[in-house]
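Student: You'll find entry28.txt just under this line, and it carries compact mmCIF, C-alpha atoms.
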```txt
# COMPACT_ATOMS: atom_id res chain seq x y z
CA MET A 1 6.21 -25.62 2.65
CA LYS A 2 6.79 -23.35 5.56
CA PRO A 3 3.49 -21.59 6.34
CA VAL A 4 0.70 -23.10 8.42
CA ALA A 5 -2.09 -24.73 6.42
CA PHE A 6 -4.70 -22.23 5.28
CA ASP A 7 -7.56 -22.02 2.81
CA TYR A 8 -7.56 -19.74 -0.20
CA GLU A 9 -10.25 -17.89 -2.15
CA ARG A 10 -9.97 -15.56 -5.13
CA PRO A 11 -13.29 -13.69 -5.41
CA ALA A 12 -14.03 -11.72 -8.57
CA THR A 13 -15.94 -8.90 -6.88
CA LEU A 14 -15.26 -6.54 -4.01
CA ASP A 15 -18.56 -7.48 -2.35
CA ALA A 16 -17.64 -11.16 -2.35
CA ALA A 17 -14.19 -10.36 -0.92
CA LEU A 18 -15.63 -8.17 1.84
CA LYS A 19 -18.10 -10.91 2.74
CA LEU A 20 -15.22 -13.36 3.23
CA LEU A 21 -13.17 -10.78 5.14
CA ALA A 22 -16.11 -10.13 7.47
CA ARG A 23 -15.94 -13.62 8.95
CA GLU A 24 -15.19 -13.42 12.65
CA ASP A 25 -15.01 -17.16 13.44
CA ILE A 26 -11.63 -17.59 11.68
CA VAL A 27 -8.49 -15.53 10.99
CA VAL A 28 -8.86 -14.05 7.50
CA LYS A 29 -6.16 -12.04 5.72
CA ALA A 30 -6.44 -10.17 2.44
CA VAL A 31 -3.54 -10.78 0.06
CA ALA A 32 -2.52 -9.14 -3.22
CA GLY A 33 1.10 -9.55 -4.37
CA SER A 34 2.19 -11.38 -1.18
CA GLN A 35 5.57 -9.64 -1.11
CA SER A 36 5.08 -8.60 2.52
CA LEU A 37 2.64 -11.29 3.61
CA GLY A 38 4.63 -14.04 1.84
CA PRO A 39 7.69 -13.68 4.10
CA MET A 40 5.43 -13.32 7.16
CA LEU A 41 3.67 -16.58 6.20
CA ASN A 42 6.95 -18.41 5.58
CA LEU A 43 8.26 -17.23 8.95
CA ARG A 44 4.90 -18.16 10.54
CA LEU A 45 4.60 -14.66 11.95
CA VAL A 46 1.13 -14.72 10.40
CA GLN A 47 -0.98 -17.87 10.77
CA PRO A 48 -4.26 -17.32 8.93
CA ASP A 49 -7.12 -19.77 8.39
CA LEU A 50 -8.09 -18.15 5.09
CA LEU A 51 -6.35 -15.95 2.53
CA VAL A 52 -8.58 -13.80 0.34
CA ASP A 53 -6.75 -12.97 -2.88
CA ILE A 54 -8.07 -9.59 -4.07
CA THR A 55 -6.10 -9.38 -7.34
CA ALA A 56 -8.96 -10.70 -9.50
CA ILE A 57 -11.16 -7.71 -8.56
CA SER A 58 -10.86 -5.51 -11.64
CA GLU A 59 -11.79 -2.22 -9.94
CA LEU A 60 -8.77 -2.59 -7.63
CA THR A 61 -6.27 -2.93 -10.48
CA ALA A 62 -6.96 0.29 -12.43
CA ILE A 63 -5.09 3.60 -12.60
CA ARG A 64 -7.15 6.63 -13.62
CA GLU A 65 -7.02 10.42 -13.56
CA GLU A 66 -9.91 12.10 -11.80
CA LYS A 67 -10.57 15.69 -10.76
CA GLY A 68 -7.00 16.77 -10.31
CA ALA A 69 -5.81 13.50 -8.78
CA LEU A 70 -4.29 10.23 -9.84
CA VAL A 71 -6.39 7.37 -8.48
CA VAL A 72 -4.36 4.21 -8.06
CA GLY A 73 -6.11 0.90 -7.36
CA ALA A 74 -4.83 -0.99 -4.32
CA CYS A 75 -3.64 -3.91 -6.48
CA VAL A 76 -1.51 -1.81 -8.84
CA THR A 77 2.06 -3.08 -8.60
CA HIS A 78 5.14 -0.98 -7.93
CA GLY A 79 6.44 -2.23 -11.29
CA GLN A 80 3.41 -0.81 -13.12
CA LEU A 81 3.91 2.56 -11.43
CA GLU A 82 7.65 2.41 -12.22
CA ASP A 83 7.09 1.72 -15.93
CA GLY A 84 4.64 4.59 -16.52
CA GLY A 85 2.31 4.52 -19.51
CA TYR A 86 -0.58 6.03 -17.51
CA PRO A 87 -1.81 9.65 -17.35
CA ASP A 88 0.39 11.06 -14.63
CA PRO A 89 -0.56 14.31 -12.89
CA THR A 90 2.09 13.50 -10.25
CA ARG A 91 4.75 14.44 -12.81
CA GLY A 92 6.70 11.22 -12.44
CA VAL A 93 6.94 11.27 -8.65
CA LEU A 94 5.12 7.96 -8.14
CA ALA A 95 7.27 6.30 -10.83
CA LYS A 96 10.46 7.49 -9.14
CA VAL A 97 9.43 6.30 -5.69
CA ALA A 98 8.24 2.96 -7.12
CA ALA A 99 11.53 2.37 -8.96
CA GLY A 100 13.39 2.52 -5.63
CA ILE A 101 11.31 -0.12 -3.86
CA ALA A 102 13.11 -3.39 -3.11
CA TYR A 103 14.03 -5.21 -6.36
CA ARG A 104 12.39 -5.61 -9.74
CA ALA A 105 11.25 -9.18 -9.01
CA VAL A 106 9.51 -7.85 -5.88
CA ARG A 107 8.11 -4.79 -7.68
CA ASN A 108 6.51 -7.05 -10.30
CA ARG A 109 4.28 -8.59 -7.61
CA GLY A 110 4.14 -6.15 -4.69
CA THR A 111 1.26 -3.66 -4.63
CA ILE A 112 0.82 -0.12 -3.35
CA GLY A 113 -2.26 -1.09 -1.33
CA GLY A 114 -0.59 -4.12 0.17
CA SER A 115 2.43 -2.12 1.23
CA LEU A 116 0.19 0.43 2.97
CA ALA A 117 -2.00 -2.15 4.68
CA HIS A 118 1.12 -4.00 5.89
CA ALA A 119 2.35 -0.66 7.31
CA ASP A 120 6.01 -1.35 7.84
CA PRO A 121 7.23 2.07 9.03
CA ALA A 122 10.28 1.76 6.76
CA ALA A 123 8.22 1.13 3.60
CA ASP A 124 8.43 3.71 0.82
CA TRP A 125 4.73 4.41 0.27
CA VAL A 126 4.11 4.83 3.99
CA SER A 127 6.27 8.00 3.96
CA ALA A 128 5.95 9.12 0.34
CA LEU A 129 2.14 9.19 0.25
CA VAL A 130 2.08 11.29 3.43
CA ALA A 131 4.46 13.80 1.84
CA LEU A 132 2.26 13.89 -1.28
CA GLY A 133 -0.87 14.62 0.79
CA ALA A 134 -2.60 11.52 -0.58
CA GLU A 135 -5.86 9.99 0.58
CA ILE A 136 -6.37 6.32 1.26
CA VAL A 137 -9.82 5.08 0.25
CA VAL A 138 -10.91 2.16 2.39
CA ALA A 139 -13.71 -0.25 1.45
CA ASN A 140 -16.00 -2.00 3.94
CA PRO A 141 -19.36 -3.78 3.69
CA THR A 142 -21.30 -0.51 4.12
CA GLY A 143 -19.35 1.52 1.56
CA ARG A 144 -16.17 3.51 1.37
CA ARG A 145 -14.37 6.07 3.49
CA ALA A 146 -11.34 8.20 2.84
CA VAL A 147 -8.48 8.53 5.33
CA ALA A 148 -5.75 11.16 4.96
CA ALA A 149 -2.43 9.39 4.42
CA GLU A 150 -0.92 11.12 7.49
CA GLN A 151 -3.68 9.55 9.62
CA PHE A 152 -3.61 6.11 8.03
CA VAL A 153 -0.54 4.45 9.52
CA THR A 154 -0.78 4.69 13.29
CA GLY A 155 2.19 2.58 14.40
CA VAL A 156 4.40 -0.37 13.58
CA PHE A 157 2.23 -2.62 11.35
CA GLU A 158 -0.81 -0.69 12.62
CA THR A 159 -3.30 1.27 10.54
CA LYS A 160 -6.76 2.83 10.65
CA LEU A 161 -8.14 -0.26 8.89
CA GLU A 162 -10.95 -1.77 10.95
CA PRO A 163 -11.53 -5.54 10.96
CA GLY A 164 -13.04 -6.54 7.61
CA GLU A 165 -11.83 -3.43 5.77
CA ILE A 166 -9.35 -3.27 2.92
CA VAL A 167 -7.57 -0.51 1.04
CA ALA A 168 -9.48 0.03 -2.23
CA GLU A 169 -7.56 2.87 -3.84
CA ILE A 170 -5.14 5.71 -3.24
CA ARG A 171 -5.86 9.25 -4.43
CA VAL A 172 -2.73 11.27 -5.10
CA PRO A 173 -3.28 15.00 -5.74
CA ALA A 174 -1.84 16.45 -8.93
CA LEU A 175 1.44 18.33 -8.66
CA SER A 176 1.50 21.79 -10.25
CA PRO A 177 4.34 22.70 -12.66
CA GLU A 178 5.92 24.73 -9.79
CA ALA A 179 5.82 21.81 -7.36
CA ARG A 180 9.17 20.63 -5.99
CA TRP A 181 9.69 17.12 -4.64
CA GLY A 182 12.51 15.58 -2.64
CA TYR A 183 12.74 11.97 -1.50
CA VAL A 184 15.77 10.36 0.11
CA LYS A 185 16.18 7.14 2.02
CA ASN A 186 19.17 5.76 3.82
CA CYS A 187 19.87 2.12 2.91
CA ARG A 188 23.18 0.34 3.52
CA LYS A 189 22.34 -2.09 0.72
CA ALA A 190 20.40 -1.13 -2.41
CA GLY A 191 16.81 -2.31 -2.16
CA GLU A 192 16.70 -3.03 1.55
CA PHE A 193 14.22 -1.39 3.90
CA SER A 194 15.01 2.21 4.74
CA HIS A 195 16.85 3.08 7.95
CA ALA A 196 15.86 6.73 7.66
CA THR A 197 13.59 8.48 5.18
CA GLY A 198 13.18 12.15 4.34
CA ALA A 199 10.42 13.38 2.00
CA VAL A 200 9.46 16.93 1.05
CA LEU A 201 6.78 18.40 -1.20
CA VAL A 202 6.46 22.12 -1.79
CA ASP A 203 3.59 23.07 -4.11
CA PRO A 204 2.84 26.79 -3.98
CA ALA A 205 -0.10 26.42 -6.39
CA ARG A 206 -2.11 24.61 -3.73
CA LYS A 207 -0.37 26.21 -0.75
CA PHE A 208 1.15 22.91 0.31
CA ALA A 209 4.51 22.53 2.04
CA ARG A 210 5.18 19.35 3.97
CA ALA A 211 8.29 17.68 5.31
CA VAL A 212 8.16 14.04 6.42
CA ILE A 213 10.55 12.10 8.63
CA GLY A 214 9.98 8.42 7.99
CA ALA A 215 11.23 5.01 9.09
CA VAL A 216 10.93 6.06 12.74
CA SER A 217 9.65 2.74 14.17
CA GLY A 218 6.15 4.20 14.17
CA ALA A 219 3.92 6.43 12.08
CA PRO A 220 5.85 8.88 9.88
CA ILE A 221 6.20 12.40 11.25
CA ALA A 222 4.65 15.05 8.99
CA VAL A 223 5.33 18.74 9.51
CA ASP A 224 3.40 21.32 7.49
CA ASP A 225 5.78 24.26 7.56
CA VAL A 226 7.01 26.14 4.54
CA ALA A 227 10.17 27.22 6.37
CA VAL A 228 11.16 23.64 7.24
CA ALA A 229 10.43 22.43 3.71
CA ALA A 230 12.62 25.20 2.31
CA GLU A 231 15.68 25.06 4.53
CA ASP A 232 17.44 22.46 6.69
CA PRO A 233 15.93 22.92 10.18
CA GLY A 234 19.04 21.43 11.81
CA GLU A 235 19.80 18.32 13.80
CA ALA A 236 18.42 19.66 17.09
CA TRP A 237 15.05 20.25 15.44
CA VAL A 238 14.99 16.68 14.12
CA ALA A 239 15.99 15.40 17.59
CA GLY A 240 12.96 17.25 18.98
CA ARG A 241 10.60 15.65 16.46
CA LEU A 242 12.01 12.17 17.22
CA ALA A 243 11.87 12.63 21.00
CA ASP A 244 8.53 10.84 21.36
CA THR A 245 9.45 7.93 19.07
CA PRO A 246 11.35 4.75 20.00
CA LEU A 247 14.36 6.42 18.33
CA GLY A 248 14.31 9.45 20.64
CA GLY A 249 17.64 10.20 22.30
CA ASP A 250 19.59 7.88 19.99
CA ALA A 251 22.27 10.14 18.52
CA TYR A 252 22.92 7.86 15.54
CA GLN A 253 19.23 7.66 14.63
CA VAL A 254 18.84 11.42 15.00
CA ARG A 255 21.86 11.92 12.74
CA ILE A 256 20.72 9.63 9.91
CA HIS A 257 17.15 10.96 9.98
CA HIS A 258 18.46 14.51 9.91
CA VAL A 259 20.71 13.75 6.96
CA ALA A 260 17.88 12.05 5.03
CA LEU A 261 15.59 15.04 5.62
CA LYS A 262 18.31 17.58 4.82
CA ARG A 263 19.04 15.84 1.51
CA ALA A 264 15.34 15.64 0.63
CA ILE A 265 15.00 19.38 1.32
CA ARG A 266 18.02 20.05 -0.88
CA GLU A 267 16.51 17.92 -3.65
CA ALA A 268 13.30 19.92 -3.44
CA SER A 269 15.10 23.27 -3.45
CA PRO A 270 15.07 25.39 -6.61
CA PRO A 271 18.36 24.98 -8.54
CA MET B 1 -6.46 -28.77 -1.84
CA LYS B 2 -7.07 -26.46 -4.78
CA ASN B 3 -7.06 -27.40 -8.43
CA LEU B 4 -4.44 -25.52 -10.37
CA ALA B 5 -3.95 -25.22 -14.14
CA LEU B 6 -1.00 -23.26 -15.48
CA THR B 7 1.72 -23.36 -18.12
CA VAL B 8 5.24 -24.35 -17.09
CA ASN B 9 7.95 -23.85 -19.71
CA GLY B 10 5.32 -23.92 -22.45
CA ARG B 11 3.72 -27.14 -21.17
CA LYS B 12 0.18 -27.24 -19.76
CA VAL B 13 0.22 -28.54 -16.20
CA THR B 14 -2.67 -29.37 -13.87
CA ALA B 15 -2.31 -30.28 -10.23
CA ALA B 16 -4.14 -30.31 -6.92
CA VAL B 17 -2.08 -28.22 -4.49
CA GLU B 18 -2.25 -27.05 -0.92
CA PRO B 19 -2.78 -23.26 -0.90
CA ARG B 20 0.30 -22.84 1.29
CA LEU B 21 2.58 -24.44 -1.34
CA HIS B 22 4.81 -21.77 -2.85
CA LEU B 23 5.74 -21.73 -6.51
CA GLY B 24 9.38 -22.65 -5.82
CA ASP B 25 8.42 -25.85 -3.98
CA PHE B 26 5.82 -26.63 -6.67
CA LEU B 27 8.43 -26.34 -9.43
CA ARG B 28 11.13 -28.28 -7.61
CA GLU B 29 9.19 -31.01 -5.87
CA ARG B 30 6.25 -31.65 -8.17
CA GLU B 31 7.62 -30.64 -11.56
CA LEU B 32 11.16 -31.77 -10.66
CA LEU B 33 12.55 -28.57 -12.17
CA THR B 34 15.45 -28.20 -9.80
CA ALA B 35 17.31 -25.37 -11.55
CA THR B 36 15.23 -23.02 -9.41
CA HIS B 37 17.10 -22.79 -6.11
CA LEU B 38 15.61 -21.91 -2.75
CA GLY B 39 17.82 -19.83 -0.51
CA CYS B 40 16.33 -17.52 2.10
CA GLU B 41 12.66 -18.28 1.39
CA HIS B 42 11.60 -14.80 2.38
CA GLY B 43 12.22 -12.85 -0.79
CA VAL B 44 15.67 -11.43 -0.10
CA CYS B 45 18.31 -13.60 -1.79
CA GLY B 46 16.86 -13.92 -5.32
CA ALA B 47 18.04 -17.51 -5.93
CA CYS B 48 14.45 -18.63 -6.63
CA THR B 49 13.71 -15.96 -9.26
CA VAL B 50 11.63 -17.31 -12.19
CA LEU B 51 9.54 -15.65 -14.90
CA LEU B 52 5.79 -15.29 -14.40
CA ASP B 53 4.16 -14.15 -17.64
CA GLY B 54 7.63 -13.11 -18.77
CA LYS B 55 8.45 -11.01 -15.71
CA PRO B 56 10.87 -12.01 -12.95
CA VAL B 57 9.26 -12.88 -9.61
CA ARG B 58 10.34 -14.54 -6.37
CA SER B 59 8.94 -18.08 -6.51
CA CYS B 60 9.44 -18.50 -2.73
CA ILE B 61 6.91 -15.77 -1.87
CA THR B 62 4.54 -16.45 -4.76
CA LEU B 63 1.92 -19.04 -3.86
CA ALA B 64 1.50 -21.68 -6.59
CA VAL B 65 -2.28 -21.38 -6.34
CA THR B 66 -2.10 -17.71 -7.40
CA CYS B 67 -0.48 -18.74 -10.72
CA GLU B 68 -3.75 -20.22 -12.00
CA GLY B 69 -3.99 -19.51 -15.74
CA HIS B 70 -0.53 -17.92 -15.89
CA ALA B 71 2.71 -18.93 -17.61
CA VAL B 72 5.80 -19.79 -15.56
CA THR B 73 9.25 -20.03 -17.12
CA THR B 74 12.20 -21.47 -15.21
CA LEU B 75 15.84 -21.58 -16.22
CA GLU B 76 15.18 -24.98 -17.87
CA GLY B 77 12.64 -23.28 -20.13
CA LEU B 78 15.24 -20.75 -21.27
CA GLU B 79 17.73 -23.35 -22.50
CA ASN B 80 17.21 -22.38 -26.14
CA ASP B 81 16.65 -18.70 -25.50
CA PRO B 82 19.25 -16.71 -27.50
CA THR B 83 19.75 -14.06 -24.79
CA MET B 84 20.23 -16.76 -22.17
CA ALA B 85 22.78 -18.49 -24.43
CA GLU B 86 24.78 -15.25 -24.57
CA LEU B 87 24.53 -14.80 -20.80
CA ARG B 88 25.67 -18.38 -20.13
CA ASP B 89 28.76 -17.85 -22.27
CA ALA B 90 29.46 -14.48 -20.68
CA PHE B 91 29.04 -15.86 -17.14
CA SER B 92 31.58 -18.54 -18.00
CA ALA B 93 34.04 -16.17 -19.68
CA GLU B 94 33.91 -13.59 -16.88
CA HIS B 95 33.94 -16.07 -13.97
CA ALA B 96 30.52 -14.82 -12.88
CA LEU B 97 29.87 -17.91 -10.79
CA GLN B 98 31.73 -20.20 -8.46
CA CYS B 99 29.47 -22.51 -6.46
CA GLY B 100 26.53 -21.85 -8.79
CA PHE B 101 23.83 -21.60 -6.14
CA CYS B 102 22.80 -18.05 -7.09
CA SER B 103 23.28 -18.56 -10.83
CA PRO B 104 19.74 -19.61 -11.88
CA GLY B 105 18.18 -16.55 -10.25
CA MET B 106 21.09 -14.36 -11.29
CA LEU B 107 20.66 -15.41 -14.95
CA VAL B 108 16.89 -14.89 -14.94
CA SER B 109 17.32 -11.38 -13.47
CA ALA B 110 20.21 -10.58 -15.82
CA ARG B 111 18.17 -11.62 -18.86
CA ASP B 112 15.30 -9.36 -17.80
CA LEU B 113 17.70 -6.47 -17.26
CA VAL B 114 19.46 -6.90 -20.62
CA LEU B 115 16.12 -6.89 -22.45
CA ARG B 116 14.50 -4.14 -20.38
CA LYS B 117 17.35 -1.65 -19.98
CA PRO B 118 19.82 -1.95 -22.89
CA ASP B 119 21.40 1.46 -22.13
CA ILE B 120 22.01 1.01 -18.42
CA ASP B 121 25.23 2.34 -16.82
CA ASP B 122 27.38 0.31 -14.43
CA ARG B 123 26.08 1.92 -11.24
CA ALA B 124 22.44 1.37 -12.22
CA LEU B 125 23.32 -2.16 -13.36
CA ARG B 126 24.66 -2.95 -9.90
CA ILE B 127 21.51 -1.53 -8.28
CA GLU B 128 19.26 -3.51 -10.67
CA MET B 129 21.14 -6.72 -9.88
CA SER B 130 21.19 -6.05 -6.13
CA GLY B 131 18.15 -8.28 -5.60
CA ASN B 132 20.28 -11.35 -6.26
CA LEU B 133 22.87 -12.24 -3.66
CA CYS B 134 26.12 -14.03 -4.53
CA ARG B 135 28.44 -15.15 -1.74
CA CYS B 136 31.34 -16.27 -3.97
CA THR B 137 32.22 -13.85 -6.73
CA GLY B 138 32.16 -10.42 -5.13
CA TYR B 139 29.88 -9.41 -8.04
CA LEU B 140 32.65 -8.02 -10.25
CA GLY B 141 32.48 -10.98 -12.66
CA ILE B 142 28.69 -10.80 -12.72
CA VAL B 143 28.69 -7.09 -13.58
CA ARG B 144 31.29 -7.74 -16.29
CA ALA B 145 29.28 -10.64 -17.74
CA VAL B 146 26.07 -8.61 -17.98
CA ARG B 147 28.08 -5.72 -19.41
CA ARG B 148 29.65 -8.04 -22.00
CA VAL B 149 26.21 -9.16 -23.24
CA LEU B 150 24.89 -5.58 -23.29
CA GLY B 151 27.95 -4.50 -25.29
CA ALA B 152 27.66 -7.36 -27.79
CA ARG B 153 23.98 -6.70 -28.37
CA LYS B 154 24.61 -2.99 -28.87
CA LYS B 155 27.40 -3.74 -31.35
CA ARG B 156 25.16 -6.06 -33.36
CA GLN B 157 22.42 -3.44 -33.51
CA GLY B 158 25.00 -0.95 -34.79
```
As a first step, turn the structure in this file into structure tokens.
Tutor:
Amino acid sequence: MKPVAFDYERPATLDAALKLLAREDIVVKAVAGSQSLGPMLNLRLVQPDLLVDITAISELTAIREEKGALVVGACVTHGQLEDGGYPDPTRGVLAKVAAGIAYRAVRNRGTIGGSLAHADPAADWVSALVALGAEIVVANPTGRRAVAAEQFVTGVFETKLEPGEIVAEIRVPALSPEARWGYVKNCRKAGEFSHATGAVLVDPARKFARAVIGAVSGAPIAVDDVAVAAEDPGEAWVAGRLADTPLGGDAYQVRIHHVALKRAIREASPP
Amino acid sequence: MKNLALTVNGRKVTAAVEPRLHLGDFLRERELLTATHLGCEHGVCGACTVLLDGKPVRSCITLAVTCEGHAVTTLEGLENDPTMAELRDAFSAEHALQCGFCSPGMLVSARDLVLRKPDIDDRALRIEMSGNLCRCTGYLGIVRAVRRVLGARKKRQG
């Protein structure tokens, strides 16, 4: 046993979970698949008094289609998204991103909501959901609020989640038949965290064109510009976008982020 | 302490466990099922991979207490599994192990892959198996062993 001693509860309802998470006298952490929190616990980087397991809350485990969006519960695993078998207005994009996350044994436990709440800048959903123009629905004791994915992650392991709040679901807008998607990450070993991520979605049907530079040691950089999404903006442009990040001025980092973005743009280009 | 009831290799098990006890330690130290190896203990090396409800998971970053009501299968529980028998033979024939530390996790992942993706190509096979680290073989023997089982199964199915 490597973690500090902690208590554990597995409430069956969201209300019960939020009540536990609202406690201010002790350190409480929500946990789903524990594929990010598990290592942090074993390394004692996180030392909670209480873990609240949210995987028994049925409303957080569903995938449904609703008003032109796919609504994915926070506790849906990457493996479930990879395997398909759900109505998919994202035209396979979520499945493709999910299939590239870590390893199958991790995907069988790790959840989309957990990955977002953990907010490692190099994580796949952190960049991909921004490129898709998704919304993160957050639950708290007074109700729910939606946060645009590009606003949600604010820094390294930092999000718009307030104390006592959890991610409830993720709303991913449908992709039209004309939509083009590109997603590329630079990993030296298959399955490791990304060193540089590029993601592009061009969907003329809803006048959406976004390019994302991810894994930048902070919040992903989203640029809504149809020209950038259509054609490689060049290394100098990428250097400009990275200037205010911890990677700014690092020629190697600029190069790999440029290449990731360039390849994502190429992937999203019409054949 | 939390009361825990689960199935381990088809056997009903109950125990009182500390919430911080991970499944790998539970299997090794309480159930004395030592085929499951613990390497990095942060989800990277794959040595501790076991089946939870038939799907491979990392036992080192799965808390035992979260397995309440679920079924865990370790390498010991796959002794009479026909696919595992084929993989054991293939691992031996292709020199897919040397020290054997990674082998339990490697075999559990390989079995899942063989059953889940019978038509996989070599590049995808390497990517699928990349969650299990081996420091002896250089992976060539492992890829060949998995390929041998995939080929034999395909041949049998005509």
Student: Tell me which of A:Phe193, A:Phe152, A:Tyr86, A:Trp125 sits closest to chain B, counting all atoms listed in the file.
Tutor: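 Under the stated criterion, the closest residue is A:Phe193.
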Student: With distances taken over only C-alpha atoms, which residue among A:Ala251, A:Leu132, A:Val4, A:Ala17 lies nearest Val200 (chain A)?
Tutor: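 Among the listed residues, the smallest separation from Val200 (chain A) belongs to A:Leu132.
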Student: Report as a ChimeraX atom specification the set of chain A residues whose atoms approach chain B to within 9 Å, with distances computed over only C-alpha atoms.
Tutor: /A:1-8,10,33-43,51,53,102-109,189-192
Student: By how many Å are CA of Ala222 (chain A) and CA of Pro246 (chain A) apart?
Tutor: 16.5 Å
Student: Would you list the contacts of region 254-270 of chain A as a PyMOL selection string, taking every protein, DNA or RNA residue within 10 Å and counting only C-alpha atoms, but skipping same-chain residues closer than 5 positions in sequence?
Tutor: chain A and resi 178-186+195-202+211-216+228-243+247-249
Student: Around all the atoms of region 239-244 of chain A listed in the file, draw an axis-aligned box and extend it by 4 Å on each of the six sides; I want its centre and edge lengths in Å to one decimal, as JSON.
Tutor:
```
{"center_x": 12.3, "center_y": 14.0, "center_z": 18.9, "size_x": 15.5, "size_y": 14.4, "size_z": 12.9}
```
Student: Compile the contact shell of Leu97 (chain B) as a list of chain:residue names: residues with an atom at most 12 Å away, counting only C-alpha atoms, same-chain residues fewer than 6 positions apart removed.
Tutor: B:Leu87, B:Arg88, B:Asp89, B:Ala90, B:Phe91, B:Ser103, B:Pro104, B:Gly105, B:Met106, B:Leu107, B:Leu133, B:Cys134, B:Arg135, B:Cys136, B:Thr137, B:Gly138, B:Tyr139, B:Leu140, B:Gly141, B:Ile142, B:Val143, B:Arg144, B:Ala145
Student: Please identify all polymer residues within 12 Å of Ile170 (chain A), counting all atoms listed in the file, omitting same-chain residues fewer than 3 positions from it, and present them as an mmCIF file with C-alpha atoms, in the coordinates of the input.
Tutor:
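And here's result13.cif as it stands now:
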```cif
data_model
loop_
_atom_site.group_PDB
_atom_site.id
_atom_site.type_symbol
_atom_site.label_atom_id
_atom_site.label_comp_id
_atom_site.auth_asym_id
_atom_site.auth_seq_id
_atom_site.Cartn_x
_atom_site.Cartn_y
_atom_site.Cartn_z
ATOM 1 C CA LEU A 60 -8.770 -2.590 -7.630
ATOM 2 C CA THR A 61 -6.270 -2.930 -10.480
ATOM 3 C CA ALA A 62 -6.960 0.290 -12.430
ATOM 4 C CA ILE A 63 -5.090 3.600 -12.600
ATOM 5 C CA ARG A 64 -7.150 6.630 -13.620
ATOM 6 C CA GLU A 65 -7.020 10.420 -13.560
ATOM 7 C CA GLU A 66 -9.910 12.100 -11.800
ATOM 8 C CA ALA A 69 -5.810 13.500 -8.780
ATOM 9 C CA LEU A 70 -4.290 10.230 -9.840
ATOM 10 C CA VAL A 71 -6.390 7.370 -8.480
ATOM 11 C CA VAL A 72 -4.360 4.210 -8.060
ATOM 12 C CA GLY A 73 -6.110 0.900 -7.360
ATOM 13 C CA ALA A 74 -4.830 -0.990 -4.320
ATOM 14 C CA CYS A 75 -3.640 -3.910 -6.480
ATOM 15 C CA VAL A 76 -1.510 -1.810 -8.840
ATOM 16 C CA LEU A 94 5.120 7.960 -8.140
ATOM 17 C CA THR A 111 1.260 -3.660 -4.630
ATOM 18 C CA ILE A 112 0.820 -0.120 -3.350
ATOM 19 C CA GLY A 113 -2.260 -1.090 -1.330
ATOM 20 C CA GLY A 114 -0.590 -4.120 0.170
ATOM 21 C CA SER A 115 2.430 -2.120 1.230
ATOM 22 C CA LEU A 116 0.190 0.430 2.970
ATOM 23 C CA ALA A 117 -2.000 -2.150 4.680
ATOM 24 C CA TRP A 125 4.730 4.410 0.270
ATOM 25 C CA VAL A 126 4.110 4.830 3.990
ATOM 26 C CA LEU A 129 2.140 9.190 0.250
ATOM 27 C CA VAL A 130 2.080 11.290 3.430
ATOM 28 C CA LEU A 132 2.260 13.890 -1.280
ATOM 29 C CA GLY A 133 -0.870 14.620 0.790
ATOM 30 C CA ALA A 134 -2.600 11.520 -0.580
ATOM 31 C CA GLU A 135 -5.860 9.990 0.580
ATOM 32 C CA ILE A 136 -6.370 6.320 1.260
ATOM 33 C CA VAL A 137 -9.820 5.080 0.250
ATOM 34 C CA VAL A 138 -10.910 2.160 2.390
ATOM 35 C CA ALA A 139 -13.710 -0.250 1.450
ATOM 36 C CA ARG A 145 -14.370 6.070 3.490
ATOM 37 C CA ALA A 146 -11.340 8.200 2.840
ATOM 38 C CA VAL A 147 -8.480 8.530 5.330
ATOM 39 C CA ALA A 148 -5.750 11.160 4.960
ATOM 40 C CA ALA A 149 -2.430 9.390 4.420
ATOM 41 C CA PHE A 152 -3.610 6.110 8.030
ATOM 42 C CA ILE A 166 -9.350 -3.270 2.920
ATOM 43 C CA VAL A 167 -7.570 -0.510 1.040
ATOM 44 C CA PRO A 173 -3.280 15.000 -5.740
#
```
Student: In Å, rounded to a single decimal, give me how far CA of Asn3 (chain B) is from CA of Val17 (chain B).
Tutor: 6.4 Å
Student: List as a ChimeraX atom specification the protein and nucleic acid residues near Arg23 (chain A), meaning an atom at most 12 Å away when only C-alpha atoms are counted, but skip any in the same chain fewer than 3 places from it.
Tutor: /A:16-20,26-29,49-52,141,163-165
Student: Could you tell me how far CA of Thr142 (chain A) lies from CA of Asp25 (chain A), in Å and to one decimal?
Tutor: 20.1 Å
Student: Which one of B:Cys45, B:Val72, B:Ala64, B:Leu27 sits closest to Phe101 (chain B) if you count only C-alpha atoms?
Tutor: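 So, comparing all the options, the nearest one is B:Cys45.
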